>>> print(open('input37.cif').read())   # mmCIF, C-alpha atoms
data_my_file
loop_
_atom_site.group_PDB
_atom_site.id
_atom_site.type_symbol
_atom_site.label_atom_id
_atom_site.label_comp_id
_atom_site.auth_asym_id
_atom_site.auth_seq_id
_atom_site.Cartn_x
_atom_site.Cartn_y
_atom_site.Cartn_z
ATOM 1 C CA MET S 1 -29.001 -42.446 11.277
ATOM 2 C CA LYS S 2 -28.377 -42.616 14.986
ATOM 3 C CA TYR S 3 -24.712 -41.601 14.679
ATOM 4 C CA GLY S 4 -25.165 -39.307 11.659
ATOM 5 C CA ARG S 5 -22.712 -41.340 9.562
ATOM 6 C CA LEU S 6 -21.720 -44.951 9.083
ATOM 7 C CA VAL S 7 -19.653 -46.391 11.932
ATOM 8 C CA PHE S 8 -16.872 -48.962 11.519
ATOM 9 C CA ASP S 9 -14.319 -50.870 13.499
ATOM 10 C CA ILE S 10 -10.956 -49.988 11.934
ATOM 11 C CA LYS S 11 -10.220 -53.614 10.942
ATOM 12 C CA GLU S 12 -13.572 -54.005 9.242
ATOM 13 C CA PHE S 13 -13.264 -50.649 7.531
ATOM 14 C CA LEU S 14 -9.958 -51.713 5.986
ATOM 15 C CA MET S 15 -11.269 -55.151 5.022
ATOM 16 C CA ILE S 16 -14.349 -53.720 3.298
ATOM 17 C CA LYS S 17 -12.221 -51.150 1.463
ATOM 18 C CA LYS S 18 -10.026 -54.013 0.261
ATOM 19 C CA TYR S 19 -13.088 -55.900 -1.027
ATOM 20 C CA LEU S 20 -14.373 -52.761 -2.758
ATOM 21 C CA THR S 21 -11.086 -52.367 -4.670
ATOM 22 C CA MET S 22 -11.246 -55.924 -6.030
ATOM 23 C CA ASP S 23 -12.633 -56.689 -9.468
ATOM 24 C CA LEU S 24 -16.201 -57.611 -8.533
ATOM 25 C CA THR S 25 -18.979 -59.139 -10.553
ATOM 26 C CA TYR S 26 -22.131 -57.125 -9.964
ATOM 27 C CA GLN S 27 -25.534 -58.759 -9.718
ATOM 28 C CA ASP S 28 -27.216 -55.801 -11.459
ATOM 29 C CA TYR S 29 -27.002 -52.013 -11.758
ATOM 30 C CA SER S 30 -28.619 -51.621 -8.337
ATOM 31 C CA HIS S 31 -25.864 -53.710 -6.714
ATOM 32 C CA LYS S 32 -23.179 -51.520 -8.298
ATOM 33 C CA ASN S 33 -24.980 -48.381 -7.110
ATOM 34 C CA ILE S 34 -25.175 -49.704 -3.546
ATOM 35 C CA LEU S 35 -21.449 -50.496 -3.509
ATOM 36 C CA ASP S 36 -20.651 -47.048 -4.945
ATOM 37 C CA ILE S 37 -22.791 -45.405 -2.241
ATOM 38 C CA LEU S 38 -21.135 -47.536 0.459
ATOM 39 C CA ASN S 39 -17.700 -46.538 -0.819
ATOM 40 C CA GLN S 40 -18.676 -42.850 -0.817
ATOM 41 C CA ASN S 41 -20.215 -43.038 2.669
ATOM 42 C CA MET S 42 -17.090 -44.757 3.978
ATOM 43 C CA SER S 43 -15.059 -41.663 3.109
ATOM 44 C CA GLU S 44 -17.020 -39.815 5.808
ATOM 45 C CA ALA S 45 -17.380 -42.696 8.278
ATOM 46 C CA ILE S 46 -16.701 -42.677 12.001
ATOM 47 C CA ILE S 47 -13.945 -45.183 12.738
ATOM 48 C CA PHE S 48 -13.361 -46.748 16.148
ATOM 49 C CA ASN S 49 -10.619 -48.918 17.532
ATOM 50 C CA THR S 50 -11.979 -52.433 18.168
ATOM 51 C CA ASP S 51 -12.247 -52.117 21.955
ATOM 52 C CA GLU S 52 -14.209 -48.837 21.678
ATOM 53 C CA MET S 53 -16.757 -50.001 19.093
ATOM 54 C CA PRO S 54 -20.408 -49.430 20.116
ATOM 55 C CA ALA S 55 -22.285 -52.739 20.452
ATOM 56 C CA ASP S 56 -25.337 -51.614 18.444
ATOM 57 C CA ILE S 57 -23.498 -51.217 15.111
ATOM 58 C CA VAL S 58 -23.906 -53.738 12.284
ATOM 59 C CA GLN S 59 -20.463 -55.245 11.723
ATOM 60 C CA ILE S 60 -19.066 -58.220 9.868
ATOM 61 C CA TYR S 61 -20.248 -61.342 11.744
ATOM 62 C CA SER S 62 -23.113 -59.446 13.412
ATOM 63 C CA TYR S 63 -26.521 -61.066 13.577
ATOM 64 C CA VAL S 64 -29.153 -58.576 12.459
ATOM 65 C CA ILE S 65 -32.910 -58.619 12.986
ATOM 66 C CA VAL S 66 -34.845 -56.344 10.632
ATOM 67 C CA ARG S 67 -38.549 -55.560 10.718
ATOM 68 C CA CYS S 68 -40.593 -54.230 7.832
ATOM 69 C CA THR S 69 -43.379 -51.703 8.394
ATOM 70 C CA SER S 70 -45.867 -54.436 7.431
ATOM 71 C CA GLY S 71 -44.653 -56.561 10.350
ATOM 72 C CA TRP S 72 -42.467 -58.983 8.373
ATOM 73 C CA GLN S 73 -39.266 -59.802 10.262
ATOM 74 C CA ASP S 74 -36.049 -61.575 9.293
ATOM 75 C CA ARG S 75 -32.726 -62.476 10.895
ATOM 76 C CA PHE S 76 -29.423 -62.837 9.059
ATOM 77 C CA GLN S 77 -25.703 -62.661 9.672
ATOM 78 C CA VAL S 78 -23.371 -60.321 7.768
ATOM 79 C CA VAL S 79 -20.236 -62.247 6.735
ATOM 80 C CA GLU S 80 -17.161 -62.000 4.536
ATOM 81 C CA PRO S 81 -17.892 -62.730 0.838
ATOM 82 C CA TYR S 82 -16.352 -66.200 0.835
ATOM 83 C CA LYS S 83 -18.587 -67.252 3.783
ATOM 84 C CA GLU S 84 -21.852 -66.210 2.142
ATOM 85 C CA ASN S 85 -24.585 -68.857 2.318
ATOM 86 C CA VAL S 86 -28.078 -67.538 1.631
ATOM 87 C CA LYS S 87 -29.712 -70.832 2.675
ATOM 88 C CA ARG S 88 -28.159 -70.409 6.137
ATOM 89 C CA ASN S 89 -29.008 -66.663 6.276
ATOM 90 C CA LYS S 90 -25.370 -65.608 5.873
ATOM 91 C CA VAL S 91 -25.248 -62.464 3.735
ATOM 92 C CA SER S 92 -22.021 -61.117 2.223
ATOM 93 C CA VAL S 93 -20.925 -57.678 3.361
ATOM 94 C CA ILE S 94 -20.584 -56.697 -0.311
ATOM 95 C CA SER S 95 -23.973 -58.063 -1.392
ATOM 96 C CA SER S 96 -26.755 -55.525 -1.889
ATOM 97 C CA LEU S 97 -28.309 -56.259 1.514
ATOM 98 C CA GLY S 98 -25.014 -56.517 3.407
ATOM 99 C CA ALA S 99 -23.653 -53.284 1.927
ATOM 100 C CA SER S 100 -26.935 -51.528 2.760
ATOM 101 C CA VAL S 101 -26.843 -52.375 6.486
ATOM 102 C CA ILE S 102 -23.118 -52.441 7.340
ATOM 103 C CA GLY S 103 -22.139 -49.523 9.586
ATOM 104 C CA LEU S 104 -25.745 -48.717 10.566
ATOM 105 C CA SER S 105 -27.100 -49.163 14.104
ATOM 106 C CA GLU S 106 -30.136 -50.461 15.950
ATOM 107 C CA GLY S 107 -33.108 -48.211 15.273
ATOM 108 C CA ASP S 108 -31.849 -47.034 11.870
ATOM 109 C CA SER S 109 -34.258 -47.384 8.939
ATOM 110 C CA LEU S 110 -33.512 -47.900 5.287
ATOM 111 C CA THR S 111 -35.224 -48.597 1.996
ATOM 112 C CA PHE S 112 -33.956 -51.611 0.121
ATOM 113 C CA GLY S 113 -34.641 -53.265 -3.231
ATOM 114 C CA LEU S 114 -35.127 -52.497 -6.881
ATOM 115 C CA PRO S 115 -37.534 -49.834 -8.144
ATOM 116 C CA GLY S 116 -41.032 -51.270 -7.992
ATOM 117 C CA SER S 117 -40.152 -53.738 -5.235
ATOM 118 C CA ARG S 118 -38.635 -51.544 -2.550
ATOM 119 C CA ILE S 119 -39.256 -52.244 1.125
ATOM 120 C CA THR S 120 -38.543 -50.044 4.103
ATOM 121 C CA PHE S 121 -37.320 -51.726 7.219
ATOM 122 C CA GLU S 122 -35.796 -50.919 10.571
ATOM 123 C CA ILE S 123 -32.805 -52.562 12.171
ATOM 124 C CA GLU S 124 -34.463 -53.893 15.282
ATOM 125 C CA LYS S 125 -31.586 -55.743 16.940
ATOM 126 C CA VAL S 126 -27.839 -56.194 16.397
ATOM 127 C CA GLN S 127 -25.937 -58.961 18.148
ATOM 128 C CA ARG S 128 -22.192 -59.434 17.762
ATOM 129 C CA GLY S 129 -20.995 -62.750 16.433
ATOM 130 C CA ARG S 130 -18.178 -64.725 17.997
ATOM 131 C CA GLU S 131 -15.916 -64.600 14.942
ATOM 132 C CA LYS S 132 -13.421 -61.767 14.505
ATOM 133 C CA VAL S 133 -12.018 -60.069 11.418
ATOM 134 C CA VAL S 134 -8.398 -60.938 10.647
ATOM 135 C CA LEU S 135 -6.461 -58.505 8.450
ATOM 136 C CA SER S 136 -3.575 -59.044 6.087
ATOM 137 C CA ILE S 137 -3.059 -55.606 4.542
ATOM 138 C CA SER S 138 0.249 -53.771 4.150
ATOM 139 C CA ASP S 139 0.893 -50.475 5.963
ATOM 140 C CA LYS S 140 1.171 -48.759 2.561
ATOM 141 C CA ASP S 141 -2.324 -49.952 1.561
ATOM 142 C CA ILE S 142 -3.726 -48.995 4.967
ATOM 143 C CA LYS S 143 -2.539 -45.403 4.506
ATOM 144 C CA LYS S 144 -4.298 -45.239 1.122
ATOM 145 C CA MET S 145 -7.577 -46.676 2.418
ATOM 146 C CA LEU S 146 -8.130 -44.697 5.617
ATOM 147 C CA PRO S 147 -10.062 -41.432 5.345
ATOM 148 C CA ARG S 148 -7.856 -38.405 5.973
ATOM 149 C CA GLN S 149 -9.450 -37.653 9.376
ATOM 150 C CA SER S 150 -8.627 -41.176 10.614
ATOM 151 C CA ARG S 151 -4.986 -41.463 9.618
ATOM 152 C CA ASN S 152 -3.945 -40.579 13.144
ATOM 153 C CA LEU S 153 -5.148 -44.085 14.100
ATOM 154 C CA LEU S 154 -2.197 -45.726 12.322
ATOM 155 C CA PRO S 155 -0.053 -46.137 15.450
ATOM 156 C CA LEU S 156 -2.749 -48.438 16.871
ATOM 157 C CA ASN S 157 -1.908 -52.110 16.819
ATOM 158 C CA ILE S 158 -4.593 -53.295 14.409
ATOM 159 C CA TRP S 159 -3.013 -56.675 13.705
ATOM 160 C CA LEU S 160 -4.196 -58.382 16.893
#
>>> encode(input="input37.cif", output="structure tokens")
Amino acid sequence: MKYGRLVFDIKEFLMIKKYLTMDLTYQDYSHKNILDILNQNMSEAIIFNTDEMPADIVQIYSYVIVRCTSGWQDRFQVVEPYKENVKRNKVSVISSLGASVIGLSEGDSLTFGLPGSRITFEIEKVQRGREKVVLSISDKDIKKMLPRQSRNLLPLNIWL
């Protein structure tokens, strides 16, 4: 990993944490494992204020181009769960693929898939989308969700 840990915009971090606390229906055991790993990795994440966020990080509404070692390439957008549309290459942030790439950066590699059908690919390009994350989370919930090392960010105005 380029940054050594996952990297998040504070608004997106809080939104993803909120989604992870909801009662989700898992596609399979692999999907549950990916979400558990994402949740664990988020406890050690680097969190930036929105205006300081590096441009090469996969965020919600980012367009991502991935390339497999065999040369196969694909482009998709990471979106909120209710905007998922696989036919239009819109992948939910809490789907197996979305949860695997969120917080990574251009140049990072990962292995994805079920045992026996795993592929390794590199994040070739990240482009920010025009849409922005809008939060509606109470201050009490925010304090519970932020990792201990990031709680000093609370005075920031994250509602804009």
>>> atom_distance(input="input37.cif", atom1="atom CA of Asn39 of chain S", atom2="atom CA of Ile60 of chain S")
15.9 Å
>>> resolve_selection(input="input37.cif", expression="the PyMOL selection byres ((chain S and resi 112) around 9)", output="MDAnalysis selection string")
chainID S and resid 96:97 100 110:111 113:114 117:121
>>> closest_residue(input="input37.cif", among="S:Val126, S:Leu104, S:Met15, S:Asn85", to="Asn41 of chain S", atoms="all atoms listed in the file")
S:Leu104
>>> residues_around(input="input37.cif", residues="Ala99 of chain S", least_positions_apart="5", cutoff="9 Å", atoms="all atoms listed in the file", output="ChimeraX atom specification")
/S:31,34-35,37-38,92-94
>>> write_last_selection(input="input37.cif", atoms="C-alpha atoms", output="short mmCIF file (atom, residue, chain, number, x, y, z; two decimals), keeping the file's coordinate frame")
data_model
loop_
_atom_site.label_atom_id
_atom_site.label_comp_id
_atom_site.auth_asym_id
_atom_site.auth_seq_id
_atom_site.Cartn_x
_atom_site.Cartn_y
_atom_site.Cartn_z
CA HIS S 31 -25.86 -53.71 -6.71
CA ILE S 34 -25.18 -49.70 -3.55
CA LEU S 35 -21.45 -50.50 -3.51
CA ILE S 37 -22.79 -45.40 -2.24
CA LEU S 38 -21.14 -47.54 0.46
CA SER S 92 -22.02 -61.12 2.22
CA VAL S 93 -20.92 -57.68 3.36
CA ILE S 94 -20.58 -56.70 -0.31
#
>>> closest_residue(input="input37.cif", among="S:Ile46, S:Pro81, S:Ile123, S:Gly107", to="Lys18 of chain S", atoms="all atoms listed in the file")
S:Pro81
>>> atom_distance(input="input37.cif", atom1="atom CA of Val101 of chain S", atom2="atom CA of Leu6 of chain S")
9.4 Å
>>> atom_distance(input="input37.cif", atom1="atom CA of Lys90 of chain S", atom2="atom CA of Gly129 of chain S")
11.8 Å
>>> resolve_selection(input="input37.cif", expression="the PyMOL selection byres ((chain S and resi 133) around 9)", output="PyMOL selection string")
chain S and resi 11-12+15+60-61+80+131-132+134-135
>>> resolve_selection(input="input37.cif", expression="the PyMOL selection byres ((chain S and resi 76) around 6)", output="list in words")
Tyr63, Val64, Arg75, Gln77, Asn89 and Lys90 of chain S
>>> closest_residue(input="input37.cif", among="S:Asp74, S:Asp36, S:Glu106, S:Glu124", to="Ile57 of chain S", atoms="only C-alpha atoms")
S:Glu106
>>> closest_residue(input="input37.cif", among="S:Glu122, S:Lys17, S:Asp56, S:Arg130", to="Tyr3 of chain S", atoms="all atoms listed in the file")
S:Asp56
>>> closest_residue(input="input37.cif", among="S:Leu14, S:Leu20, S:Val7, S:Ala55", to="Ser95 of chain S", atoms="all atoms listed in the file")
S:Leu20
>>> residues_around(input="input37.cif", residues="segment 50-52 of chain S", least_positions_apart="5", cutoff="9 Å", atoms="all atoms listed in the file", output="number ranges by chain")
S: 8-11, 158
>>> residues_around(input="input37.cif", residues="Val58 of chain S", least_positions_apart="5", cutoff="6 Å", atoms="only C-alpha atoms", output="list in words")
Ile102, Gly103, Leu104 and Ser105 of chain S
>>> write_last_selection(input="input37.cif", atoms="C-alpha atoms", output="JSON list (two decimals), in the frame of the given file")
[["chain", "number", "residue", "atom", "x", "y", "z"],
["S", 102, "ILE", "CA", -23.12, -52.44, 7.34],
["S", 103, "GLY", "CA", -22.14, -49.52, 9.59],
["S", 104, "LEU", "CA", -25.74, -48.72, 10.57],
["S", 105, "SER", "CA", -27.10, -49.16, 14.10]]
>>> closest_residue(input="input37.cif", among="S:Lys32, S:Gln59, S:Gly98, S:Thr21", to="Glu84 of chain S", atoms="all atoms listed in the file")
S:Gly98
